[in-house]
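K.L.:
So here's structure_12.pdb (PDB, C-alpha atoms).
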ATOM      1  CA  MET A   5      63.218 108.769  62.003
ATOM      2  CA  GLU A   6      66.093 110.263  63.953
ATOM      3  CA  ILE A   7      68.649 107.716  65.136
ATOM      4  CA  LYS A   8      72.360 107.621  65.765
ATOM      5  CA  LEU A   9      74.259 105.678  63.118
ATOM      6  CA  ASN A  10      77.947 104.980  63.709
ATOM      7  CA  GLY A  11      78.127 107.900  66.115
ATOM      8  CA  ASN A  12      76.371 110.438  63.895
ATOM      9  CA  THR A  13      72.836 111.659  64.447
ATOM     10  CA  THR A  14      71.017 110.789  61.257
ATOM     11  CA  ASN A  15      67.506 110.987  59.790
ATOM     12  CA  PHE A  16      66.369 108.178  57.548
ATOM     13  CA  LYS A  17      63.166 107.137  55.810
ATOM     14  CA  GLY A  18      61.963 103.787  57.121
ATOM     15  CA  GLU A  19      60.997 101.814  60.183
ATOM     16  CA  THR A  20      63.358  98.896  60.514
ATOM     17  CA  LEU A  21      66.970  97.890  60.770
ATOM     18  CA  PHE A  22      66.991  96.518  57.236
ATOM     19  CA  ASP A  23      65.484  99.786  55.927
ATOM     20  CA  LEU A  24      68.411 101.539  57.538
ATOM     21  CA  CYS A  25      70.885  99.105  55.957
ATOM     22  CA  ARG A  26      69.433  99.724  52.488
ATOM     23  CA  ASN A  27      69.388 103.496  53.030
ATOM     24  CA  PHE A  28      73.092 103.596  53.785
ATOM     25  CA  GLY A  29      74.417 100.967  51.391
ATOM     26  CA  PHE A  30      74.952  98.103  53.846
ATOM     27  CA  LYS A  31      73.904  94.560  52.942
ATOM     28  CA  GLU A  32      71.230  93.028  55.203
ATOM     29  CA  ASP A  33      72.998  89.663  55.426
ATOM     30  CA  GLU A  34      75.739  88.424  57.737
ATOM     31  CA  THR A  35      78.423  90.413  55.899
ATOM     32  CA  THR A  36      77.219  93.389  57.930
ATOM     33  CA  VAL A  37      77.654  93.427  61.715
ATOM     34  CA  LYS A  38      74.512  95.091  63.102
ATOM     35  CA  ILE A  39      74.461  96.411  66.662
ATOM     36  CA  ILE A  40      71.496  98.131  68.305
ATOM     37  CA  ASN A  41      72.085  99.874  71.654
ATOM     38  CA  GLY A  42      75.112  97.727  72.414
ATOM     39  CA  PHE A  43      73.520  94.397  71.425
ATOM     40  CA  GLN A  44      74.360  92.512  68.239
ATOM     41  CA  VAL A  45      71.402  91.307  66.180
ATOM     42  CA  SER A  46      70.967  89.408  62.919
ATOM     43  CA  GLU A  47      67.241  89.545  62.316
ATOM     44  CA  ASN A  48      65.261  92.534  61.133
ATOM     45  CA  THR A  49      64.020  94.668  63.998
ATOM     46  CA  ALA A  50      61.776  97.710  64.319
ATOM     47  CA  LEU A  51      63.775 100.781  65.289
ATOM     48  CA  LYS A  52      62.835 103.508  67.736
ATOM     49  CA  VAL A  53      63.731 107.176  67.718
ATOM     50  CA  LYS A  54      67.137 107.799  69.389
ATOM     51  CA  ASP A  55      68.298 104.193  68.984
ATOM     52  CA  GLU A  56      72.070 103.939  68.686
ATOM     53  CA  ILE A  57      72.983 101.735  65.774
ATOM     54  CA  VAL A  58      76.356 100.622  64.508
ATOM     55  CA  LEU A  59      76.727  98.970  61.114
ATOM     56  CA  ILE A  60      80.106  97.509  60.199
ATOM     57  CA  LYS A  61      81.051  95.895  56.896
ATOM     58  CA  LYS A  62      82.990  92.805  57.959
ATOM     59  CA  GLY A  63      86.621  92.819  56.894
ATOM     60  CA  GLU A  64      86.671  96.455  55.851
ATOM     61  CA  TYR A  65      88.798  98.947  57.705
ATOM     62  CA  PRO A  66      86.531 101.826  58.725
ATOM     63  CA  ASN A  67      87.432 105.463  58.405
ATOM     64  CA  GLU A  68      88.901 107.038  61.510
ATOM     65  CA  GLN A  69      85.825 109.045  62.379
ATOM     66  CA  GLU A  70      83.666 105.941  62.679
ATOM     67  CA  PHE A  71      86.325 103.754  64.216
ATOM     68  CA  GLU A  72      86.001 104.739  67.870
ATOM     69  CA  CYS A  73      82.237 104.407  67.619
ATOM     70  CA  MET A  74      82.630 100.891  66.251
ATOM     71  CA  LEU A  75      85.093  99.923  68.977
ATOM     72  CA  SER A  76      82.573 100.940  71.579
ATOM     73  CA  ALA A  77      79.539  99.543  69.764
ATOM     74  CA  ARG A  78      79.120  96.583  72.117
ATOM     75  CA  HIS A  79      79.209  98.775  75.200
ATOM     76  CA  THR A  80      75.964  99.734  76.795
ATOM     77  CA  PRO A  81      75.065 103.349  75.925
ATOM     78  CA  LYS A  82      75.203 105.741  78.929
ATOM     79  CA  VAL A  83      77.513 103.270  80.718
ATOM     80  CA  TYR A  84      80.190 103.818  78.130
ATOM     81  CA  GLU A  85      80.133 107.584  78.535
ATOM     82  CA  LYS A  86      80.918 107.260  82.261
ATOM     83  CA  VAL A  87      83.608 104.676  81.613
ATOM     84  CA  LYS A  88      85.188 106.851  78.948
ATOM     85  CA  LYS A  89      85.552 109.750  81.411
ATOM     86  CA  SER A  90      87.116 107.573  84.107
ATOM     87  CA  ARG A  91      90.698 106.949  85.131
ATOM     88  CA  VAL A  92      92.186 103.904  86.844
ATOM     89  CA  ALA A  93      95.736 103.329  88.122
ATOM     90  CA  VAL A  94      97.356  99.898  88.046
ATOM     91  CA  ALA A  95     100.283  99.379  90.440
ATOM     92  CA  GLY A  96     102.461  96.563  89.104
ATOM     93  CA  LEU A  97     102.175  95.161  85.589
ATOM     94  CA  GLY A  98     102.660  91.432  86.100
ATOM     95  CA  GLY A  99     100.038  88.729  85.744
ATOM     96  CA  LEU A 100      97.382  90.703  87.573
ATOM     97  CA  GLY A 101      98.251  94.195  86.412
ATOM     98  CA  SER A 102      98.665  93.416  82.709
ATOM     99  CA  ASN A 103      95.318  91.589  82.678
ATOM    100  CA  ILE A 104      93.561  94.321  84.662
ATOM    101  CA  ALA A 105      94.884  97.013  82.317
ATOM    102  CA  ILE A 106      93.821  95.155  79.197
ATOM    103  CA  ASN A 107      90.362  94.377  80.607
ATOM    104  CA  LEU A 108      89.862  98.047  81.406
ATOM    105  CA  ALA A 109      91.216  99.156  78.023
ATOM    106  CA  ARG A 110      88.776  96.836  76.238
ATOM    107  CA  THR A 111      86.020  98.266  78.427
ATOM    108  CA  GLY A 112      86.925 101.732  77.207
ATOM    109  CA  VAL A 113      88.256 103.316  80.408
ATOM    110  CA  GLY A 114      89.406 106.709  79.166
ATOM    111  CA  THR A 115      92.696 106.973  81.044
ATOM    112  CA  LEU A 116      94.931 104.251  82.422
ATOM    113  CA  HIS A 117      97.873 105.057  84.694
ATOM    114  CA  LEU A 118     100.314 102.147  84.571
ATOM    115  CA  ILE A 119     103.291 101.781  86.902
ATOM    116  CA  ASP A 120     106.096  99.203  86.922
ATOM    117  CA  TYR A 121     109.903  99.306  86.996
ATOM    118  CA  ASP A 122     110.656  95.934  85.443
ATOM    119  CA  VAL A 123     111.282  94.556  81.961
ATOM    120  CA  VAL A 124     109.500  91.669  80.239
ATOM    121  CA  GLU A 125     111.339  88.361  80.556
ATOM    122  CA  PRO A 126     110.530  84.836  79.325
ATOM    123  CA  SER A 127     109.100  83.553  82.619
ATOM    124  CA  ASN A 128     106.417  86.254  82.451
ATOM    125  CA  LEU A 129     104.752  84.801  79.365
ATOM    126  CA  ASN A 130     103.005  81.966  81.239
ATOM    127  CA  ARG A 131     100.447  84.437  82.605
ATOM    128  CA  GLN A 132     101.176  88.018  81.633
ATOM    129  CA  GLN A 133      99.793  89.842  78.625
ATOM    130  CA  TYR A 134     103.094  90.219  76.780
ATOM    131  CA  LEU A 135     104.478  88.684  73.606
ATOM    132  CA  ILE A 136     107.837  87.252  72.531
ATOM    133  CA  LYS A 137     108.576  90.514  70.734
ATOM    134  CA  HIS A 138     108.366  92.390  74.055
ATOM    135  CA  LEU A 139     111.182  90.443  75.760
ATOM    136  CA  GLY A 140     113.658  92.889  77.285
ATOM    137  CA  MET A 141     111.272  95.825  76.875
ATOM    138  CA  GLU A 142     110.037  97.869  79.830
ATOM    139  CA  LYS A 143     106.654  96.485  80.901
ATOM    140  CA  THR A 144     105.141  99.956  80.874
ATOM    141  CA  LYS A 145     106.187 100.455  77.260
ATOM    142  CA  ALA A 146     105.159  96.953  76.151
ATOM    143  CA  LEU A 147     101.722  97.218  77.747
ATOM    144  CA  LYS A 148     101.163 100.687  76.347
ATOM    145  CA  GLU A 149     101.881  99.227  72.918
ATOM    146  CA  GLN A 150      99.491  96.306  73.519
ATOM    147  CA  ILE A 151      96.726  98.665  74.593
ATOM    148  CA  HIS A 152      97.291 100.921  71.606
ATOM    149  CA  ASP A 153      96.795  97.897  69.355
ATOM    150  CA  ILE A 154      93.500  97.080  71.117
ATOM    151  CA  ASN A 155      92.008 100.540  71.575
ATOM    152  CA  PRO A 156      94.050 103.544  70.422
ATOM    153  CA  TYR A 157      91.568 105.924  72.060
ATOM    154  CA  VAL A 158      92.586 104.938  75.592
ATOM    155  CA  LYS A 159      95.022 107.473  77.046
ATOM    156  CA  VAL A 160      97.868 105.585  78.704
ATOM    157  CA  ILE A 161     100.086 107.371  81.222
ATOM    158  CA  VAL A 162     103.124 105.373  82.365
ATOM    159  CA  HIS A 163     105.547 105.642  85.254
ATOM    160  CA  ASN A 164     108.646 103.510  84.935
ATOM    161  CA  GLU A 165     109.725 103.386  88.552
ATOM    162  CA  LYS A 166     109.595 101.200  91.624
ATOM    163  CA  ILE A 167     106.759 102.228  93.934
ATOM    164  CA  THR A 168     107.968 102.845  97.489
ATOM    165  CA  GLU A 169     106.585 104.216 100.730
ATOM    166  CA  GLU A 170     108.418 107.449  99.963
ATOM    167  CA  ASN A 171     107.151 108.035  96.425
ATOM    168  CA  CYS A 172     103.678 106.462  96.353
ATOM    169  CA  LEU A 173     101.757 109.565  97.433
ATOM    170  CA  ARG A 174     103.402 111.522  94.625
ATOM    171  CA  ILE A 175     102.913 108.816  91.993
ATOM    172  CA  PHE A 176      99.195 108.406  92.733
ATOM    173  CA  LYS A 177      98.353 112.039  93.484
ATOM    174  CA  ASP A 178      95.969 112.290  90.513
ATOM    175  CA  ASP A 179      94.397 108.849  90.975
ATOM    176  CA  PHE A 180      91.203 107.970  92.788
ATOM    177  CA  ILE A 181      90.776 104.316  91.815
ATOM    178  CA  ILE A 182      93.909 102.223  92.298
ATOM    179  CA  CYS A 183      94.369  98.506  91.619
ATOM    180  CA  GLU A 184      97.196  97.005  93.680
ATOM    181  CA  ALA A 185      98.758  94.278  91.536
ATOM    182  CA  PHE A 186     102.136  93.634  93.151
ATOM    183  CA  ASP A 187     103.718  90.253  93.678
ATOM    184  CA  ASN A 188     105.370  90.846  97.028
ATOM    185  CA  PRO A 189     103.174  90.720 100.174
ATOM    186  CA  GLU A 190     105.119  93.434 102.025
ATOM    187  CA  SER A 191     104.735  95.765  99.027
ATOM    188  CA  LYS A 192     101.003  95.060  98.891
ATOM    189  CA  ALA A 193     100.576  95.870 102.587
ATOM    190  CA  MET A 194     102.782  98.965 102.320
ATOM    191  CA  LEU A 195     100.811 100.501  99.455
ATOM    192  CA  VAL A 196      97.410  99.724 100.944
ATOM    193  CA  ASN A 197      98.327 101.078 104.383
ATOM    194  CA  LYS A 198     100.086 104.191 103.134
ATOM    195  CA  LEU A 199      97.384 105.252 100.683
ATOM    196  CA  LEU A 200      94.452 104.482 102.963
ATOM    197  CA  GLU A 201      96.089 106.281 105.903
ATOM    198  CA  LYS A 202      97.037 109.399 103.958
ATOM    199  CA  ARG A 203      94.310 109.653 101.329
ATOM    200  CA  LYS A 204      90.664 109.636 102.310
ATOM    201  CA  ASP A 205      89.568 110.075  98.711
ATOM    202  CA  VAL A 206      90.848 106.897  97.032
ATOM    203  CA  TYR A 207      89.411 103.473  96.355
ATOM    204  CA  ILE A 208      91.932 100.641  96.549
ATOM    205  CA  ILE A 209      91.308  97.245  95.039
ATOM    206  CA  ALA A 210      94.050  94.951  96.305
ATOM    207  CA  SER A 211      94.792  91.276  95.744
ATOM    208  CA  SER A 212      95.836  88.348  97.881
ATOM    209  CA  GLY A 213      95.975  84.660  96.976
ATOM    210  CA  MET A 214      95.649  83.378  93.406
ATOM    211  CA  ALA A 215      98.455  80.827  92.945
ATOM    212  CA  GLY A 216      98.009  77.250  91.774
ATOM    213  CA  TYR A 217      94.995  75.545  90.218
ATOM    214  CA  PHE A 218      92.551  75.455  93.106
ATOM    215  CA  SER A 219      88.889  76.086  92.392
ATOM    216  CA  SER A 220      88.161  79.339  90.596
ATOM    217  CA  ASN A 221      85.204  79.737  92.931
ATOM    218  CA  SER A 222      87.441  80.299  95.943
ATOM    219  CA  ILE A 223      88.544  83.639  94.489
ATOM    220  CA  LYS A 224      86.279  86.381  95.772
ATOM    221  CA  THR A 225      86.002  90.139  96.041
ATOM    222  CA  LYS A 226      85.785  91.174  99.670
ATOM    223  CA  LYS A 227      84.862  94.671 100.806
ATOM    224  CA  ILE A 228      86.922  95.576 103.879
ATOM    225  CA  THR A 229      86.019  99.272 104.291
ATOM    226  CA  ASP A 230      84.070 101.763 102.170
ATOM    227  CA  ARG A 231      87.264 102.380 100.191
ATOM    228  CA  PHE A 232      89.172  99.134 100.406
ATOM    229  CA  TYR A 233      88.495  95.866  98.587
ATOM    230  CA  VAL A 234      90.587  92.702  98.400
ATOM    231  CA  CYS A 235      90.299  90.079  95.657
ATOM    232  CA  GLY A 236      91.670  86.559  95.855
ATOM    233  CA  ASP A 237      91.331  83.383  97.889
ATOM    234  CA  MET A 238      93.247  85.089 100.733
ATOM    235  CA  GLU A 239      95.524  82.094 101.326
ATOM    236  CA  ASN A 240      97.274  80.518  98.357
ATOM    237  CA  SER A 241     100.600  82.277  97.922
ATOM    238  CA  ALA A 242     103.070  81.643  95.168
ATOM    239  CA  LYS A 243     105.871  79.468  96.516
ATOM    240  CA  GLN A 244     108.148  76.616  95.593
ATOM    241  CA  GLY A 245     105.976  73.848  94.192
ATOM    242  CA  MET A 246     103.007  76.152  93.631
ATOM    243  CA  GLY A 247     103.423  78.620  90.835
ATOM    244  CA  LEU A 248     101.251  81.343  89.424
ATOM    245  CA  MET A 249      99.220  80.164  86.453
ATOM    246  CA  ALA A 250      97.297  82.093  83.848
ATOM    247  CA  PRO A 251      93.752  80.856  84.629
ATOM    248  CA  ARG A 252      93.529  81.774  88.319
ATOM    249  CA  VAL A 253      95.641  84.905  87.929
ATOM    250  CA  SER A 254      93.261  86.130  85.253
ATOM    251  CA  VAL A 255      90.217  85.184  87.378
ATOM    252  CA  CYS A 256      91.621  87.405  90.133
ATOM    253  CA  ALA A 257      92.442  90.173  87.647
ATOM    254  CA  GLY A 258      88.857  89.839  86.402
ATOM    255  CA  HIS A 259      87.593  90.412  89.928
ATOM    256  CA  GLN A 260      89.786  93.484  90.367
ATOM    257  CA  SER A 261      88.952  95.031  87.009
ATOM    258  CA  ASN A 262      85.227  94.372  87.477
ATOM    259  CA  MET A 263      85.324  96.004  90.921
ATOM    260  CA  ALA A 264      87.043  99.037  89.358
ATOM    261  CA  LEU A 265      84.312  99.148  86.717
ATOM    262  CA  ARG A 266      81.612  98.849  89.372
ATOM    263  CA  ILE A 267      83.063 101.765  91.338
ATOM    264  CA  ILE A 268      83.181 103.850  88.143
ATOM    265  CA  LEU A 269      79.482 103.062  87.708
ATOM    266  CA  SER A 270      78.674 103.888  91.370
ATOM    267  CA  GLU A 271      78.125 100.277  92.445
ATOM    268  CA  TYR A 272      80.063  99.929  95.664
ATOM    269  CA  GLU A 273      79.094  96.485  96.932
ATOM    270  CA  SER A 274      81.536  93.668  96.255
TER     271      SER A 274
ATOM    272  CA  MET B   9      81.785  91.019 122.639
ATOM    273  CA  ILE B  10      84.799  91.758 120.446
ATOM    274  CA  THR B  11      84.813  90.462 116.873
ATOM    275  CA  ILE B  12      88.043  89.900 114.934
ATOM    276  CA  ASN B  13      88.019  88.256 111.492
ATOM    277  CA  GLY B  14      84.531  86.973 112.208
ATOM    278  CA  GLU B  15      85.607  85.275 115.429
ATOM    279  CA  GLN B  16      83.785  86.447 118.564
ATOM    280  CA  PHE B  17      85.548  86.930 121.874
ATOM    281  CA  ASP B  18      83.500  87.323 125.040
ATOM    282  CA  LEU B  19      86.010  89.708 126.590
ATOM    283  CA  GLN B  20      86.027  93.358 127.678
ATOM    284  CA  GLU B  21      89.451  94.092 126.189
ATOM    285  CA  ILE B  22      91.969  92.555 123.840
ATOM    286  CA  LYS B  23      95.381  94.061 123.284
ATOM    287  CA  LEU B  24      95.780  94.121 119.519
ATOM    288  CA  SER B  25      99.476  93.271 119.622
ATOM    289  CA  ASP B  26      98.737  90.207 121.761
ATOM    290  CA  TYR B  27      96.144  89.002 119.253
ATOM    291  CA  LEU B  28      98.483  89.513 116.295
ATOM    292  CA  LYS B  29     101.234  87.627 118.095
ATOM    293  CA  ALA B  30      98.929  84.782 119.166
ATOM    294  CA  LYS B  31      97.704  84.340 115.587
ATOM    295  CA  SER B  32     101.240  84.644 114.164
ATOM    296  CA  PHE B  33     100.427  87.558 111.869
ATOM    297  CA  MET B  34     103.440  89.227 110.282
ATOM    298  CA  THR B  35     102.821  92.935 110.793
ATOM    299  CA  GLU B  36     104.697  93.867 107.608
ATOM    300  CA  ARG B  37     102.166  91.890 105.564
ATOM    301  CA  ILE B  38      98.871  93.048 107.016
ATOM    302  CA  ALA B  39      96.340  95.861 106.943
ATOM    303  CA  ILE B  40      93.845  96.227 109.781
ATOM    304  CA  GLU B  41      90.343  97.575 109.579
ATOM    305  CA  LEU B  42      88.855  98.667 112.897
ATOM    306  CA  ASN B  43      85.188  99.699 112.993
ATOM    307  CA  GLY B  44      85.196 100.603 109.305
ATOM    308  CA  GLU B  45      88.481 102.521 109.155
ATOM    309  CA  ILE B  46      92.046 101.538 108.387
ATOM    310  CA  LEU B  47      94.136 101.471 111.542
ATOM    311  CA  PRO B  48      97.488 103.260 111.014
ATOM    312  CA  LYS B  49     100.468 100.964 111.534
ATOM    313  CA  THR B  50     101.860 103.308 114.187
ATOM    314  CA  LYS B  51      98.831 102.505 116.373
ATOM    315  CA  TYR B  52      99.200  98.714 116.341
ATOM    316  CA  ASN B  53     101.155  98.647 119.602
ATOM    317  CA  GLU B  54      98.937 100.948 121.614
ATOM    318  CA  THR B  55      95.521  99.759 120.401
ATOM    319  CA  ILE B  56      93.290  97.929 122.820
ATOM    320  CA  LEU B  57      90.085  96.503 121.386
ATOM    321  CA  LYS B  58      87.035  97.109 123.553
ATOM    322  CA  ASP B  59      83.614  95.544 123.940
ATOM    323  CA  GLY B  60      81.641  96.125 120.714
ATOM    324  CA  ASP B  61      84.697  96.635 118.481
ATOM    325  CA  GLU B  62      84.857  94.838 115.168
ATOM    326  CA  ALA B  63      88.170  94.358 113.414
ATOM    327  CA  GLU B  64      89.417  92.630 110.301
ATOM    328  CA  VAL B  65      93.040  91.716 109.797
ATOM    329  CA  VAL B  66      93.817  91.387 106.083
ATOM    330  CA  SER B  67      96.916  89.302 105.557
ATOM    331  CA  PHE B  68      98.571  89.553 102.164
ATOM    332  CA  VAL B  69     100.174  86.519 100.559
ATOM    333  CA  GLY B  70     102.598  86.630  97.631
ATOM    334  CA  GLY B  71     101.673  86.391  93.969
ATOM    335  CA  GLY B  72     100.511  88.707  91.243
TER     336      GLY B  72
END
Using structure tokens, write down the structure from this file.

P.N.:
Amino acid sequence: MEIKLNGNTTNFKGETLFDLCRNFGFKEDETTVKIINGFQVSENTALKVKDEIVLIKKGEYPNEQEFECMLSARHTPKVYEKVKKSRVAVAGLGGLGSNIAINLARTGVGTLHLIDYDVVEPSNLNRQQYLIKHLGMEKTKALKEQIHDINPYVKVIVHNEKITEENCLRIFKDDFIICEAFDNPESKAMLVNKLLEKRKDVYIIASSGMAGYFSSNSIKTKKITDRFYVCGDMENSAKQGMGLMAPRVSVCAGHQSNMALRIILSEYES
Amino acid sequence: MITINGEQFDLQEIKLSDYLKAKSFMTERIAIELNGEILPKTKYNETILKDGDEAEVVSFVGGG
């Protein structure tokens, strides 16, 4: 039967998953992670021609050729190929942006364009995807390092500069899906207005309202125009007495990154 | 009927700048969708909403 094993088209003699394991020297028990078409299984299963199977010996470091295939083993076939070819820009690498970028990297988005001008400081660690060792480092550099440690096959392009009305058209000239992840409301409005006025070919996924510990369910994705989405509760700003906290910031980042993924996969409803 | 942010106004015309002022929107923090398109900031002052128009004023708050 012809199947795809760890990324390679392979013929094997047999009918089932366990036959395949025996054929290629993998144990049938739980010491082997067994994934069929993006879904992990433990019991023996009949295989079909063209099934995509990944077998991983737990605890062993795979060779480089098989590694990317294993990283993407839990992604749905066909979906992953589209995601891999896609590119998403993230404007601002704070609580929202760092979470959005890491979500998209784990999803296997082929190219990430990350922009921020700031460095990592201690007050960022309550919600942003940085570590103690990154303190003082440029956020672009720190996040690129984080992503490399999660999925080295994601291409990360960084711009270490402050996004302004004057430079934003240049910075995003090669981007078609842009997540706005700034902190400052004037900056958010500036970027959204400028890009949507001047570029008719971009999708913008902006954010507004995710401070505090209000209900997660108040955070929504709202479609404003065919090319403009806003995620958040639309009202709860960060202010004295109401800080930004990891849970709701990451809920909002989840909304933004999922909307980016949906656009990549041609699903345009919020 | 003119619809702004889901609210319906039984009027023939509304001056956009009057609405923004009445609702205390800060123009530096908003984006406006009018009948499916983004309204350029330079048109905020001159725009008059007419019967049948639908608009959404997105107001950004801080935090990210």

K.L.:
Can you list what the ChimeraX specification (/B :<9) & /A grabs from this structure, as an MDAnalysis selection string?

P.N.:
chainID A and resid 96:101 185:194 196:198 200:201 211:215 228:230 232 234 238:243 247:248 253 257

K.L.:
CA of Val162 in chain A and CA of Cys235 in chain A are how many Å apart?

P.N.:
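These two atoms are separated by 24.0 Å.
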
K.L.:
Could you name the residues that touch range 50-54 of chain B at 8 Å or less, counting all atoms listed in the file, but leaving out those on the same chain fewer than 3 positions away, as a count of residues only?

P.N.:
4

K.L.:
Provide the CA of Lys145 in chain A to CA of Ala93 in chain A distance in Å, to one decimal place.

P.N.:
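Separation between CA of Lys145 in chain A and CA of Ala93 in chain A: 15.3 Å.
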
K.L.:
So, counting only C-alpha atoms, which residue among A:Val45, A:Ile208, A:Ile39, A:Ala95 is closest to Met74 in chain A?

P.N.:
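Residue with the minimum atom-to-atom distance to Met74 in chain A: A:Ile39.
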
K.L.:
Which residues would end up in the selection if the PyMOL selection byres ((chain A and resi 107) around 10) were applied here, given that I need the answer as a list in words?

P.N.:
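Checking the PyMOL selection byres ((chain A and resi 107) around 10) against this file, the residues are Gly101, Ser102, Asn103, Ile104, Ala105, Ile106, Leu108, Ala109, Arg110, Thr111, Gly112, Val113, Ile151, Ser254, Ala257, Gly258, Gln260, Ser261, Asn262 and Leu265 of chain A.
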
K.L.:
List as a list in words the protein and nucleic acid residues near range 270-272 of chain A, meaning an atom at most 10 Å away when only C-alpha atoms are counted, but skip any in the same chain fewer than 4 places from it.

P.N.:
Lys86, Lys227, Asp230, Arg231, Tyr233, Met263, Ala264, Leu265 and Arg266 of chain A

K.L.:
Set up a box along x, y and z of the file covering all listed atoms of range 201-208 of chain A, add 5 Å on every one of the six sides, and write the centre and edge lengths in Å to one decimal, as lines of an AutoDock Vina configuration file.

P.N.:
center_x = 93.2
center_y = 105.4
center_z = 101.1
size_x = 17.6
size_y = 19.4
size_z = 19.5

K.L.:
How many Å separate CA of Met5 in chain A from CA of Leu75 in chain A?

P.N.:
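If I compute the distance from CA of Met5 in chain A to CA of Leu75 in chain A, I get 24.6 Å.
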
K.L.:
The PyMOL selection byres ((chain A and resi 116-127) around 8) on the file shown: which residues, as a short mmCIF file (atom, residue, chain, number, x, y, z; two decimals) with C-alpha atoms, keeping the file's coordinate frame?

P.N.:
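Written output follows (selection05.cif):
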data_model
loop_
_atom_site.label_atom_id
_atom_site.label_comp_id
_atom_site.auth_asym_id
_atom_site.auth_seq_id
_atom_site.Cartn_x
_atom_site.Cartn_y
_atom_site.Cartn_z
CA ARG A 91 90.70 106.95 85.13
CA VAL A 92 92.19 103.90 86.84
CA ALA A 93 95.74 103.33 88.12
CA VAL A 94 97.36 99.90 88.05
CA ALA A 95 100.28 99.38 90.44
CA GLY A 96 102.46 96.56 89.10
CA LEU A 97 102.18 95.16 85.59
CA ALA A 105 94.88 97.01 82.32
CA ALA A 109 91.22 99.16 78.02
CA VAL A 113 88.26 103.32 80.41
CA GLY A 114 89.41 106.71 79.17
CA THR A 115 92.70 106.97 81.04
CA ASN A 128 106.42 86.25 82.45
CA LEU A 129 104.75 84.80 79.36
CA ASN A 130 103.00 81.97 81.24
CA TYR A 134 103.09 90.22 76.78
CA ILE A 136 107.84 87.25 72.53
CA HIS A 138 108.37 92.39 74.06
CA LEU A 139 111.18 90.44 75.76
CA GLY A 140 113.66 92.89 77.28
CA MET A 141 111.27 95.82 76.88
CA GLU A 142 110.04 97.87 79.83
CA LYS A 143 106.65 96.48 80.90
CA THR A 144 105.14 99.96 80.87
CA ALA A 146 105.16 96.95 76.15
CA VAL A 158 92.59 104.94 75.59
CA LYS A 159 95.02 107.47 77.05
CA VAL A 160 97.87 105.58 78.70
CA ILE A 161 100.09 107.37 81.22
CA VAL A 162 103.12 105.37 82.36
CA HIS A 163 105.55 105.64 85.25
CA ASN A 164 108.65 103.51 84.94
CA GLU A 165 109.72 103.39 88.55
CA LYS A 166 109.60 101.20 91.62
CA ILE A 167 106.76 102.23 93.93
#

K.L.:
Give me the residues within 10 Å of Asp59 in chain B as a PyMOL selection string, counting only C-alpha atoms and dropping any in the same chain fewer than 6 places off.

P.N.:
chain B and resi 9-11+17-22
